[in-house]
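Shown here: final.cif, mmCIF, C-alpha atoms.
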data_structure
#
loop_
_atom_site.label_atom_id
_atom_site.label_comp_id
_atom_site.auth_asym_id
_atom_site.auth_seq_id
_atom_site.Cartn_x
_atom_site.Cartn_y
_atom_site.Cartn_z
CA MET A 1 -177.85 59.47 -24.43
CA THR A 2 -177.05 63.21 -24.67
CA ASN A 3 -174.76 64.99 -22.23
CA ASN A 4 -177.72 66.84 -20.71
CA ALA A 5 -179.55 63.54 -20.26
CA HIS A 6 -176.52 62.18 -18.40
CA LEU A 7 -176.54 65.17 -16.07
CA GLU A 8 -180.28 64.96 -15.48
CA LEU A 9 -180.11 61.25 -14.65
CA VAL A 10 -177.44 61.73 -11.98
CA THR A 11 -179.07 64.87 -10.60
CA GLU A 12 -182.43 63.15 -10.19
CA PHE A 13 -180.78 60.12 -8.58
CA TYR A 14 -179.22 62.17 -5.80
CA ASP A 15 -182.04 64.67 -5.43
CA THR A 16 -184.26 61.68 -4.49
CA HIS A 17 -181.62 59.69 -2.58
CA PRO A 18 -182.58 58.27 0.86
CA ILE A 19 -179.57 60.00 2.45
CA SER A 20 -180.14 63.75 2.44
CA GLU A 21 -179.52 66.81 4.56
CA LYS A 22 -183.03 66.50 5.99
CA GLN A 23 -182.55 62.82 6.81
CA VAL A 24 -179.30 63.62 8.64
CA LEU A 25 -180.90 66.39 10.69
CA ASP A 26 -184.02 64.37 11.45
CA LYS A 27 -181.91 61.46 12.69
CA LEU A 28 -179.89 63.75 14.96
CA VAL A 29 -183.09 65.11 16.49
CA GLN A 30 -184.54 61.60 16.80
CA ASP A 31 -181.43 60.57 18.73
CA GLY A 32 -181.90 63.43 21.18
CA PHE A 33 -179.39 66.00 19.96
CA ASP A 34 -180.01 69.76 20.07
CA LEU A 35 -179.09 70.89 16.55
CA SER A 36 -177.78 74.20 17.89
CA ALA A 37 -175.18 72.29 19.92
CA VAL A 38 -174.09 69.66 17.38
CA ASP A 39 -170.37 69.70 16.60
CA GLN A 40 -168.35 67.78 14.03
CA GLY A 41 -167.54 65.02 16.51
CA ILE A 42 -171.26 64.23 16.61
CA LEU A 43 -172.17 65.01 12.98
CA GLN A 44 -169.52 62.70 11.53
CA ASP A 45 -171.48 59.66 12.68
CA TYR A 46 -174.52 60.76 10.67
CA ASP A 47 -173.30 62.41 7.47
CA GLN A 48 -171.20 59.75 5.72
CA ASP A 49 -172.57 58.20 2.52
CA HIS A 50 -169.83 55.96 1.14
CA PHE A 51 -168.71 52.38 1.59
CA GLY A 52 -166.70 51.76 4.74
CA GLY A 53 -167.58 54.98 6.55
CA LEU A 54 -164.98 56.94 8.48
CA ALA A 55 -162.37 54.17 8.26
CA ALA A 56 -162.49 54.35 4.46
CA THR A 57 -161.87 58.10 4.55
CA ASP A 58 -158.97 57.60 6.98
CA THR A 59 -157.45 55.09 4.55
CA LEU A 60 -157.54 57.62 1.70
CA ALA A 61 -156.10 60.26 4.03
CA ARG A 62 -153.14 58.03 4.86
CA LEU A 63 -152.59 57.20 1.20
CA VAL A 64 -152.28 60.86 0.24
CA ASN A 65 -150.04 61.65 3.25
CA ILE A 66 -152.47 64.20 4.64
CA SER A 67 -151.27 66.93 6.97
CA ARG A 68 -152.35 70.40 8.09
CA SER A 69 -150.68 71.91 5.04
CA THR A 70 -152.43 69.62 2.55
CA HIS A 71 -155.01 71.26 0.29
CA ILE A 72 -157.41 68.50 -0.77
CA LEU A 73 -160.03 68.35 -3.49
CA ASP A 74 -162.97 66.01 -2.89
CA VAL A 75 -164.55 65.25 -6.27
CA CYS A 76 -168.28 64.49 -6.11
CA CYS A 77 -168.30 65.47 -2.45
CA GLY A 78 -172.04 65.01 -1.85
CA LEU A 79 -173.14 66.40 1.51
CA GLY A 80 -169.51 66.98 2.47
CA GLY A 81 -169.11 64.41 5.24
CA PRO A 82 -165.58 63.29 4.29
CA ALA A 83 -164.47 66.87 3.62
CA ARG A 84 -165.54 68.01 7.09
CA TYR A 85 -163.99 64.93 8.66
CA LEU A 86 -160.60 65.60 7.05
CA ALA A 87 -160.62 69.25 8.04
CA TYR A 88 -161.63 68.48 11.63
CA HIS A 89 -159.30 65.57 12.33
CA TYR A 90 -156.30 66.42 10.15
CA GLY A 91 -156.48 70.22 10.01
CA SER A 92 -156.43 70.28 6.22
CA CYS A 93 -158.13 72.79 3.95
CA VAL A 94 -160.63 70.93 1.78
CA THR A 95 -162.52 71.96 -1.34
CA GLY A 96 -165.48 69.88 -2.45
CA ILE A 97 -167.20 69.91 -5.83
CA ASP A 98 -170.44 68.22 -6.80
CA LEU A 99 -172.84 68.28 -9.74
CA ASN A 100 -175.98 68.49 -7.57
CA GLN A 101 -176.84 71.95 -6.32
CA SER A 102 -179.01 70.43 -3.56
CA ARG A 103 -176.01 68.45 -2.29
CA VAL A 104 -173.74 71.50 -2.39
CA ASP A 105 -176.30 73.65 -0.56
CA GLY A 106 -176.73 70.95 2.09
CA ALA A 107 -172.96 70.57 2.45
CA VAL A 108 -172.56 74.31 3.01
CA ARG A 109 -175.29 74.44 5.66
CA LEU A 110 -174.01 71.39 7.55
CA THR A 111 -170.49 72.80 7.48
CA GLU A 112 -171.66 76.14 8.87
CA MET A 113 -173.62 74.29 11.56
CA VAL A 114 -170.40 72.80 12.95
CA GLY A 115 -168.25 75.90 12.39
CA LEU A 116 -165.88 74.54 9.73
CA GLU A 117 -166.64 76.99 6.92
CA GLU A 118 -163.17 78.57 7.12
CA LYS A 119 -161.52 75.20 6.44
CA VAL A 120 -164.00 73.65 4.01
CA SER A 121 -165.61 75.13 0.89
CA PHE A 122 -168.00 73.70 -1.66
CA TYR A 123 -168.83 74.51 -5.27
CA ARG A 124 -171.22 73.19 -7.87
CA ALA A 125 -169.11 71.91 -10.75
CA ASN A 126 -169.01 69.29 -13.46
CA ALA A 127 -166.09 66.94 -12.82
CA HIS A 128 -165.27 67.03 -16.54
CA SER A 129 -164.64 70.79 -16.46
CA SER A 130 -164.55 72.25 -12.98
CA ALA A 131 -163.10 75.67 -13.92
CA LEU A 132 -160.81 75.43 -10.87
CA PRO A 133 -157.17 76.51 -11.36
CA SER A 134 -154.61 74.06 -12.72
CA ASP A 135 -151.89 72.68 -10.40
CA GLU A 136 -153.92 73.85 -7.39
CA PHE A 137 -154.25 70.83 -5.07
CA ASP A 138 -151.80 68.67 -3.15
CA ALA A 139 -154.19 65.72 -3.21
CA LEU A 140 -157.48 64.61 -4.73
CA ILE A 141 -159.91 62.02 -3.40
CA ALA A 142 -163.22 60.52 -4.50
CA GLN A 143 -165.37 57.72 -3.13
CA GLU A 144 -167.68 55.58 -5.30
CA ALA A 145 -168.42 58.57 -7.54
CA PHE A 146 -166.69 58.06 -10.87
CA CYS A 147 -169.20 55.33 -11.76
CA HIS A 148 -171.69 58.15 -12.33
CA ILE A 149 -169.43 59.98 -14.79
CA PRO A 150 -169.07 59.01 -18.47
CA ASP A 151 -165.90 59.51 -20.54
CA LYS A 152 -163.32 58.36 -18.01
CA PRO A 153 -160.33 59.63 -20.05
CA ARG A 154 -161.76 63.17 -19.93
CA LEU A 155 -162.55 62.82 -16.22
CA LEU A 156 -159.04 61.71 -15.28
CA THR A 157 -157.46 64.34 -17.50
CA GLU A 158 -159.36 66.98 -15.52
CA CYS A 159 -158.46 65.42 -12.16
CA VAL A 160 -154.78 65.31 -13.02
CA ARG A 161 -154.88 68.91 -14.33
CA LEU A 162 -156.02 70.12 -10.92
CA LEU A 163 -153.17 68.42 -9.04
CA LYS A 164 -149.81 70.01 -8.40
CA PRO A 165 -146.87 68.13 -9.97
CA GLY A 166 -146.14 65.31 -7.55
CA GLY A 167 -149.66 65.52 -6.13
CA LEU A 168 -151.52 62.36 -5.13
CA ILE A 169 -154.88 61.01 -6.29
CA ALA A 170 -156.61 58.34 -4.22
CA PHE A 171 -160.10 57.10 -4.98
CA THR A 172 -162.45 54.16 -4.73
CA ASP A 173 -164.99 53.18 -7.33
CA ILE A 174 -167.56 50.57 -8.32
CA LEU A 175 -166.10 48.36 -11.03
CA ALA A 176 -167.38 46.11 -13.77
CA THR A 177 -166.03 42.59 -14.18
CA THR A 178 -165.58 40.54 -17.34
CA SER A 179 -168.81 38.64 -16.59
CA MET A 180 -171.03 41.73 -16.62
CA THR A 181 -173.62 41.65 -19.39
CA THR A 182 -174.91 44.51 -21.55
CA THR A 183 -178.37 44.02 -20.06
CA VAL A 184 -177.06 44.50 -16.54
CA ARG A 185 -175.11 47.60 -17.58
CA LYS A 186 -178.28 49.14 -19.03
CA ARG A 187 -180.30 48.41 -15.91
CA LEU A 188 -177.64 49.91 -13.64
CA ARG A 189 -177.55 52.99 -15.84
CA GLN A 190 -181.30 53.51 -15.53
CA GLU A 191 -181.78 52.52 -11.89
CA MET A 192 -178.50 53.55 -10.22
CA ALA A 193 -177.25 56.24 -12.63
CA PHE A 194 -174.04 54.26 -13.23
CA LEU A 195 -173.29 55.93 -16.54
CA GLU A 196 -170.00 54.20 -17.19
CA LEU A 197 -168.26 51.45 -15.22
CA ASP A 198 -164.56 50.85 -15.65
CA THR A 199 -162.45 47.90 -14.50
CA LEU A 200 -159.54 47.45 -12.13
CA ASN A 201 -157.11 47.21 -15.02
CA GLY A 202 -158.86 49.94 -16.99
CA TYR A 203 -158.25 52.56 -14.32
CA GLN A 204 -154.61 51.56 -14.01
CA VAL A 205 -154.10 52.09 -17.74
CA LEU A 206 -155.95 55.42 -17.73
CA LEU A 207 -154.01 56.81 -14.77
CA GLU A 208 -150.70 56.01 -16.38
CA ALA A 209 -151.88 57.38 -19.75
CA ASN A 210 -152.79 60.67 -18.04
CA GLY A 211 -149.39 61.44 -16.63
CA CYS A 212 -149.53 59.53 -13.36
CA LEU A 213 -147.28 56.99 -11.71
CA LEU A 214 -149.52 54.20 -10.42
CA LYS A 215 -148.63 53.31 -6.85
CA LYS A 216 -151.44 50.98 -5.80
CA ALA A 217 -154.55 49.26 -7.16
CA GLU A 218 -156.50 47.15 -4.63
CA ASP A 219 -159.43 44.84 -5.27
CA LEU A 220 -162.10 45.57 -2.63
CA SER A 221 -164.83 43.36 -4.11
CA GLU A 222 -165.03 40.82 -1.31
CA GLU A 223 -164.95 43.48 1.41
CA TRP A 224 -167.66 45.52 -0.27
CA ALA A 225 -169.97 42.53 -0.74
CA GLN A 226 -170.55 42.42 3.03
CA ILE A 227 -170.65 46.21 3.40
CA LEU A 228 -173.40 46.44 0.79
CA VAL A 229 -175.60 43.88 2.52
CA GLU A 230 -175.43 46.07 5.62
CA ARG A 231 -176.13 49.23 3.60
CA LEU A 232 -179.26 47.66 2.13
CA ILE A 233 -180.50 47.00 5.66
CA MET A 234 -179.71 50.61 6.57
CA TYR A 235 -181.59 52.01 3.56
CA ARG A 236 -184.61 49.86 4.40
CA SER A 237 -184.56 51.30 7.92
CA LEU A 238 -185.12 54.72 6.30
CA LYS A 239 -188.37 53.61 4.68
CA ASP A 240 -190.62 55.94 6.68
CA GLN A 241 -188.52 59.02 5.86
CA THR A 242 -188.22 58.07 2.20
CA VAL A 243 -191.94 57.42 1.85
CA ALA A 244 -192.73 60.71 3.59
CA ARG A 245 -190.57 62.65 1.12
CA PHE A 246 -191.17 60.80 -2.15
CA GLY A 247 -194.00 58.30 -1.67
CA ASP A 248 -194.35 54.50 -1.50
CA ALA A 249 -193.68 53.97 -5.20
CA HIS A 250 -190.30 55.67 -5.00
CA PHE A 251 -189.24 53.61 -1.99
CA GLU A 252 -190.24 50.37 -3.70
CA LYS A 253 -188.40 51.40 -6.86
CA TRP A 254 -185.27 52.25 -4.86
CA ASP A 255 -185.46 49.00 -2.89
CA ARG A 256 -185.70 46.89 -6.06
CA ALA A 257 -182.80 48.74 -7.66
CA TYR A 258 -180.50 48.56 -4.64
CA SER A 259 -181.33 44.91 -3.97
CA PHE A 260 -180.39 44.12 -7.57
CA PHE A 261 -177.17 46.11 -7.19
CA VAL A 262 -176.16 44.24 -4.03
CA LYS A 263 -176.83 40.84 -5.61
CA LEU A 264 -174.40 41.64 -8.42
CA TYR A 265 -171.56 41.45 -5.92
CA THR A 266 -172.62 37.92 -5.02
CA SER A 267 -172.79 36.94 -8.67
CA GLY A 268 -169.39 38.45 -9.38
CA GLU A 269 -170.67 40.91 -11.99
CA LEU A 270 -169.65 43.92 -9.91
CA GLY A 271 -166.55 44.64 -7.90
CA GLY A 272 -164.75 47.51 -6.25
CA GLY A 273 -161.30 49.00 -6.24
CA ARG A 274 -159.09 51.52 -4.48
CA PHE A 275 -156.40 53.35 -6.44
CA LEU A 276 -153.43 55.53 -5.58
CA ALA A 277 -151.35 57.40 -8.13
CA ARG A 278 -148.97 60.36 -8.23
CA LYS A 279 -148.96 63.07 -10.87
CA ARG A 280 -145.62 63.05 -12.61
CA ALA A 281 -143.28 65.90 -11.77
CA PRO A 282 -140.72 67.42 -14.16
CA THR A 283 -137.94 65.67 -12.26
CA ASP A 284 -139.45 62.20 -12.75
CA PRO A 285 -137.82 59.87 -15.28
CA ARG A 286 -139.61 59.87 -18.62
CA PRO A 287 -141.90 56.85 -19.07
CA ASN A 288 -140.70 54.15 -21.44
#
Let me see whether you can do it: turn the structure in this file into structure tokens.
Amino acid sequence: MTNNAHLELVTEFYDTHPISEKQVLDKLVQDGFDLSAVDQGILQDYDQDHFGGLAATDTLARLVNISRSTHILDVCCGLGGPARYLAYHYGSCVTGIDLNQSRVDGAVRLTEMVGLEEKVSFYRANAHSSALPSDEFDALIAQEAFCHIPDKPRLLTECVRLLKPGGLIAFTDILATTSMTTTVRKRLRQEMAFLELDTLNGYQVLLEANGCLLKKAEDLSEEWAQILVERLIMYRSLKDQTVARFGDAHFEKWDRAYSFFVKLYTSGELGGGRFLARKRAPTDPRPN
């Protein structure tokens, strides 16, 4: 598969995703909110699209020792829910990058709607080569996004480049297990745009090979198995909106794909992990 084909697969996946800017706004209106009066305290309960919701973002915030002076990069930021949450609750400046222009545009509009545009900014960028300055950020986060990005060594090299020496990287991702078959990998690539799945150990090795000190690697597989069952129910509750936007065939296709994805956690072919590492500083001891 060519590089352009990779980009097109991921772009199409999120351009036709059940969670969208329109879905968020429609749900707010359905629940009786005047969009002209919505603030971040309200929006944050509608704009999160990652496993574990706000609590998961708080966990990453604690891991990277977030404060008002922390400049954070959110890689593959989507509609910007976590970025806005961090700026609102922790006072941090947050930059988000995403491959999908539609996601970036939606993130900008939602951020302006709640008045956080001076604290949060968004850019369309490829995570392999963002063109952002080196040594720019105190911390970097990502949530279930790296599974969509091939060439993990190149990805992590770019992430580490963007961090200041001593900066922290904390992320979660969908992981393969030793029991995963080639057939399953191919189906996940086509249906879920999982272009490359790494393992719990694989990420640990890559982080250390890219100039980081690994501080934590947690297996979240069991926790996510239950979360994903609940997410499948949530996505099915959006059937009417999804059908209205993309038609019955698209909803049925999405439902089959996501149901298959969730079952892989029961079979043990998929897992999840949370990682924390620190970019080596000049004063750190040289690795053996």
message = Please determine, counting only C-alpha atoms, which residue among A:Phe275, A:Ile141, A:Phe261, A:Ser237 has the shortest atom-to-atom distance to Asn201 of chain A.
response =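 For Asn201 of chain A, the nearest of the candidates is A:Phe275.
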task = Neighbourhood query: residues within 12 Å of (-172.2, 72.8, 19.1), file coordinates, counting all atoms listed in the file; return as a list of chain:residue names.
result = A:Phe33, A:Asp34, A:Leu35, A:Ser36, A:Ala37, A:Val38, A:Asp39, A:Gln40, A:Gly41, A:Ile42, A:Leu43, A:Leu110, A:Thr111, A:Glu112, A:Met113, A:Val114, A:Gly115, A:Leu116
Who sits within 8 Å of Gly78 of chain A, only C-alpha atoms, same chain under 4 positions skipped, as a tab-separated table (two decimals) with C-alpha atoms, keeping the file's coordinate frame:
chain	number	residue	atom	x	y	z
A	97	ILE	CA	-167.20	69.91	-5.83
A	98	ASP	CA	-170.44	68.22	-6.80
A	100	ASN	CA	-175.98	68.49	-7.57
A	103	ARG	CA	-176.01	68.45	-2.29
A	104	VAL	CA	-173.74	71.50	-2.39
A	107	ALA	CA	-172.96	70.57	2.45
Here's a test: counting all atoms listed in the file, identify every protein, DNA and RNA residue with an atom at most 12 Å from (-147.6, 58.4, -6.6) in the file's coordinate frame, and state them as a CSV table (one decimal) with C-alpha atoms, keeping the file's coordinate frame.
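What follows is the written file result_22.csv:
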chain,number,residue,atom,x,y,z
A,63,LEU,CA,-152.6,57.2,1.2
A,64,VAL,CA,-152.3,60.9,0.2
A,65,ASN,CA,-150.0,61.6,3.2
A,138,ASP,CA,-151.8,68.7,-3.2
A,139,ALA,CA,-154.2,65.7,-3.2
A,140,LEU,CA,-157.5,64.6,-4.7
A,160,VAL,CA,-154.8,65.3,-13.0
A,163,LEU,CA,-153.2,68.4,-9.0
A,164,LYS,CA,-149.8,70.0,-8.4
A,165,PRO,CA,-146.9,68.1,-10.0
A,166,GLY,CA,-146.1,65.3,-7.6
A,167,GLY,CA,-149.7,65.5,-6.1
A,168,LEU,CA,-151.5,62.4,-5.1
A,169,ILE,CA,-154.9,61.0,-6.3
A,170,ALA,CA,-156.6,58.3,-4.2
A,207,LEU,CA,-154.0,56.8,-14.8
A,208,GLU,CA,-150.7,56.0,-16.4
A,211,GLY,CA,-149.4,61.4,-16.6
A,212,CYS,CA,-149.5,59.5,-13.4
A,213,LEU,CA,-147.3,57.0,-11.7
A,214,LEU,CA,-149.5,54.2,-10.4
A,215,LYS,CA,-148.6,53.3,-6.8
A,216,LYS,CA,-151.4,51.0,-5.8
A,217,ALA,CA,-154.6,49.3,-7.2
A,275,PHE,CA,-156.4,53.4,-6.4
A,276,LEU,CA,-153.4,55.5,-5.6
A,277,ALA,CA,-151.4,57.4,-8.1
A,278,ARG,CA,-149.0,60.4,-8.2
A,279,LYS,CA,-149.0,63.1,-10.9
A,280,ARG,CA,-145.6,63.0,-12.6
A,281,ALA,CA,-143.3,65.9,-11.8
A,284,ASP,CA,-139.4,62.2,-12.8
query = Smallest atom-to-atom distance to Lys22 of chain A: which of A:Arg109, A:His250, A:Arg161, A:Lys263, using all atoms listed in the file?
reply =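 Among A:Arg109, A:His250, A:Arg161, A:Lys263, it is A:Arg109 that comes nearest to Lys22 of chain A.
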message = Between A:Val243, A:Ile66, A:Met192, A:Leu197, which residue has the minimum interatomic distance to Leu86 of chain A, considering only C-alpha atoms?
response =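 Nearest to Leu86 of chain A: A:Ile66.
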Residues in the PyMOL selection byres ((chain A and resi 196) around 7), expressed as a list in words =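 Matching residues under the PyMOL selection byres ((chain A and resi 196) around 7) are Cys147, His148, Ile149, Pro150, Phe194, Leu195, Leu197 and Asp198 of chain A.
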message = Just the number, please: distance in Å from atom CA of Ser221 of chain A to atom CA of Glu21 of chain A, one decimal.
response = 29.0 Å
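For the atom pair formed by atom CA of Gln23 of chain A and atom CA of Ser121 of chain A, the distance is 21.8 Å, given to one decimal.
Between Arg62 of chain A and the candidates A:Thr242, A:Tyr90, A:Val120, A:Ser134, the tightest atom-to-atom separation, counting all atoms listed in the file, involves A:Tyr90.
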Return as CSV the residues of segment 122-239 of chain A lying at most 10 Å from segment 265-273 of chain A, together with the closest atom-to-atom pair for each and the distance in Å to one decimal, counting all atoms listed in the file, with rows in chain order and ascending residue number.
residue,atom,partner,partner_atom,distance
A:Glu144,CA,A:Gly272,CA,8.6
A:Phe171,CA,A:Gly273,CA,8.3
A:Thr172,CA,A:Gly273,CA,5.5
A:Asp173,CA,A:Gly273,CA,5.7
A:Ile174,CA,A:Gly272,CA,4.6
A:Leu175,CA,A:Gly271,CA,4.9
A:Ala176,CA,A:Leu270,CA,5.0
A:Thr177,CA,A:Glu269,CA,5.4
A:Thr178,CA,A:Glu269,CA,7.4
A:Ser179,CA,A:Glu269,CA,5.5
A:Met180,CA,A:Glu269,CA,4.7
A:Thr181,CA,A:Glu269,CA,8.0
A:Val184,CA,A:Glu269,CA,8.6
A:Arg185,CA,A:Glu269,CA,9.8
A:Leu197,CA,A:Leu270,CA,9.3
A:Asp198,CA,A:Gly272,CA,10.0
A:Thr199,CA,A:Gly273,CA,8.4
A:Leu200,CA,A:Gly273,CA,6.3
A:Asn201,CA,A:Gly273,CA,9.9
A:Tyr203,CA,A:Gly273,CA,9.3
A:Ala217,CA,A:Gly273,CA,6.8
A:Glu218,CA,A:Gly273,CA,5.4
A:Asp219,CA,A:Gly273,CA,4.7
A:Leu220,CA,A:Gly272,CA,4.9
A:Ser221,CA,A:Gly271,CA,4.4
A:Glu222,CA,A:Gly271,CA,7.8
A:Glu223,CA,A:Gly272,CA,8.7
A:Trp224,CA,A:Gly272,CA,6.9
A:Ala225,CA,A:Tyr265,CA,5.5
A:Gln226,CA,A:Tyr265,CA,9.1
A:Leu228,CA,A:Tyr265,CA,8.6
A:Val229,CA,A:Tyr265,CA,9.7
ask   = In Å, with one decimal, what is the gap from atom CA of Thr283 of chain A to atom CA of Leu132 of chain A?
value = 24.9 Å
Using the atoms already present, construct N, CA and C atoms for segment 38-62 of chain A and hand them back as a PDB file, in the coordinates of the input.
ATOM      1  N   VAL A  38    -174.792  70.747  18.059  1.00  0.00           N
ATOM      2  CA  VAL A  38    -174.090  69.660  17.380  1.00  0.00           C
ATOM      3  C   VAL A  38    -172.749  70.140  16.858  1.00  0.00           C
ATOM      4  N   ASP A  39    -171.686  69.386  17.153  1.00  0.00           N
ATOM      5  CA  ASP A  39    -170.370  69.700  16.600  1.00  0.00           C
ATOM      6  C   ASP A  39    -169.959  68.588  15.633  1.00  0.00           C
ATOM      7  N   GLN A  40    -168.784  68.751  15.031  1.00  0.00           N
ATOM      8  CA  GLN A  40    -168.350  67.780  14.030  1.00  0.00           C
ATOM      9  C   GLN A  40    -168.149  66.396  14.620  1.00  0.00           C
ATOM     10  N   GLY A  41    -167.723  66.321  15.878  1.00  0.00           N
ATOM     11  CA  GLY A  41    -167.540  65.020  16.510  1.00  0.00           C
ATOM     12  C   GLY A  41    -168.824  64.215  16.570  1.00  0.00           C
ATOM     13  N   ILE A  42    -169.952  64.909  16.632  1.00  0.00           N
ATOM     14  CA  ILE A  42    -171.260  64.230  16.610  1.00  0.00           C
ATOM     15  C   ILE A  42    -171.720  64.017  15.168  1.00  0.00           C
ATOM     16  N   LEU A  43    -171.649  65.063  14.350  1.00  0.00           N
ATOM     17  CA  LEU A  43    -172.170  65.010  12.980  1.00  0.00           C
ATOM     18  C   LEU A  43    -171.521  63.911  12.153  1.00  0.00           C
ATOM     19  N   GLN A  44    -170.241  63.645  12.380  1.00  0.00           N
ATOM     20  CA  GLN A  44    -169.520  62.700  11.530  1.00  0.00           C
ATOM     21  C   GLN A  44    -170.083  61.277  11.591  1.00  0.00           C
ATOM     22  N   ASP A  45    -170.858  60.981  12.596  1.00  0.00           N
ATOM     23  CA  ASP A  45    -171.480  59.660  12.680  1.00  0.00           C
ATOM     24  C   ASP A  45    -172.812  59.591  11.957  1.00  0.00           C
ATOM     25  N   TYR A  46    -173.209  60.700  11.326  1.00  0.00           N
ATOM     26  CA  TYR A  46    -174.520  60.760  10.670  1.00  0.00           C
ATOM     27  C   TYR A  46    -174.439  61.179   9.194  1.00  0.00           C
ATOM     28  N   ASP A  47    -173.323  61.749   8.768  1.00  0.00           N
ATOM     29  CA  ASP A  47    -173.300  62.410   7.470  1.00  0.00           C
ATOM     30  C   ASP A  47    -172.426  61.719   6.424  1.00  0.00           C
ATOM     31  N   GLN A  48    -172.054  60.466   6.657  1.00  0.00           N
ATOM     32  CA  GLN A  48    -171.200  59.750   5.720  1.00  0.00           C
ATOM     33  C   GLN A  48    -172.064  58.891   4.783  1.00  0.00           C
ATOM     34  N   ASP A  49    -171.791  58.976   3.489  1.00  0.00           N
ATOM     35  CA  ASP A  49    -172.570  58.200   2.520  1.00  0.00           C
ATOM     36  C   ASP A  49    -171.620  57.565   1.502  1.00  0.00           C
ATOM     37  N   HIS A  50    -170.751  56.699   2.013  1.00  0.00           N
ATOM     38  CA  HIS A  50    -169.830  55.960   1.140  1.00  0.00           C
ATOM     39  C   HIS A  50    -169.493  54.644   1.824  1.00  0.00           C
ATOM     40  N   PHE A  51    -168.976  53.716   1.067  1.00  0.00           N
ATOM     41  CA  PHE A  51    -168.710  52.380   1.590  1.00  0.00           C
ATOM     42  C   PHE A  51    -167.547  52.422   2.589  1.00  0.00           C
ATOM     43  N   GLY A  52    -167.770  51.850   3.767  1.00  0.00           N
ATOM     44  CA  GLY A  52    -166.700  51.760   4.740  1.00  0.00           C
ATOM     45  C   GLY A  52    -166.642  52.889   5.739  1.00  0.00           C
ATOM     46  N   GLY A  53    -167.477  53.918   5.566  1.00  0.00           N
ATOM     47  CA  GLY A  53    -167.580  54.980   6.550  1.00  0.00           C
ATOM     48  C   GLY A  53    -166.284  55.716   6.832  1.00  0.00           C
ATOM     49  N   LEU A  54    -166.122  56.118   8.087  1.00  0.00           N
ATOM     50  CA  LEU A  54    -164.980  56.940   8.480  1.00  0.00           C
ATOM     51  C   LEU A  54    -163.646  56.227   8.262  1.00  0.00           C
ATOM     52  N   ALA A  55    -163.624  54.923   8.460  1.00  0.00           N
ATOM     53  CA  ALA A  55    -162.370  54.170   8.260  1.00  0.00           C
ATOM     54  C   ALA A  55    -161.901  54.253   6.813  1.00  0.00           C
ATOM     55  N   ALA A  56    -162.853  54.251   5.880  1.00  0.00           N
ATOM     56  CA  ALA A  56    -162.490  54.350   4.460  1.00  0.00           C
ATOM     57  C   ALA A  56    -161.884  55.706   4.154  1.00  0.00           C
ATOM     58  N   THR A  57    -162.429  56.765   4.753  1.00  0.00           N
ATOM     59  CA  THR A  57    -161.870  58.100   4.550  1.00  0.00           C
ATOM     60  C   THR A  57    -160.484  58.203   5.177  1.00  0.00           C
ATOM     61  N   ASP A  58    -160.300  57.617   6.349  1.00  0.00           N
ATOM     62  CA  ASP A  58    -158.970  57.600   6.980  1.00  0.00           C
ATOM     63  C   ASP A  58    -157.954  56.883   6.084  1.00  0.00           C
ATOM     64  N   THR A  59    -158.366  55.816   5.438  1.00  0.00           N
ATOM     65  CA  THR A  59    -157.450  55.090   4.550  1.00  0.00           C
ATOM     66  C   THR A  59    -156.988  55.988   3.405  1.00  0.00           C
ATOM     67  N   LEU A  60    -157.930  56.702   2.776  1.00  0.00           N
ATOM     68  CA  LEU A  60    -157.540  57.620   1.700  1.00  0.00           C
ATOM     69  C   LEU A  60    -156.635  58.727   2.231  1.00  0.00           C
ATOM     70  N   ALA A  61    -156.923  59.206   3.433  1.00  0.00           N
ATOM     71  CA  ALA A  61    -156.100  60.260   4.030  1.00  0.00           C
ATOM     72  C   ALA A  61    -154.657  59.787   4.209  1.00  0.00           C
ATOM     73  N   ARG A  62    -154.491  58.567   4.687  1.00  0.00           N
ATOM     74  CA  ARG A  62    -153.140  58.030   4.860  1.00  0.00           C
ATOM     75  C   ARG A  62    -152.443  57.861   3.506  1.00  0.00           C
TER      76      ARG A  62
END
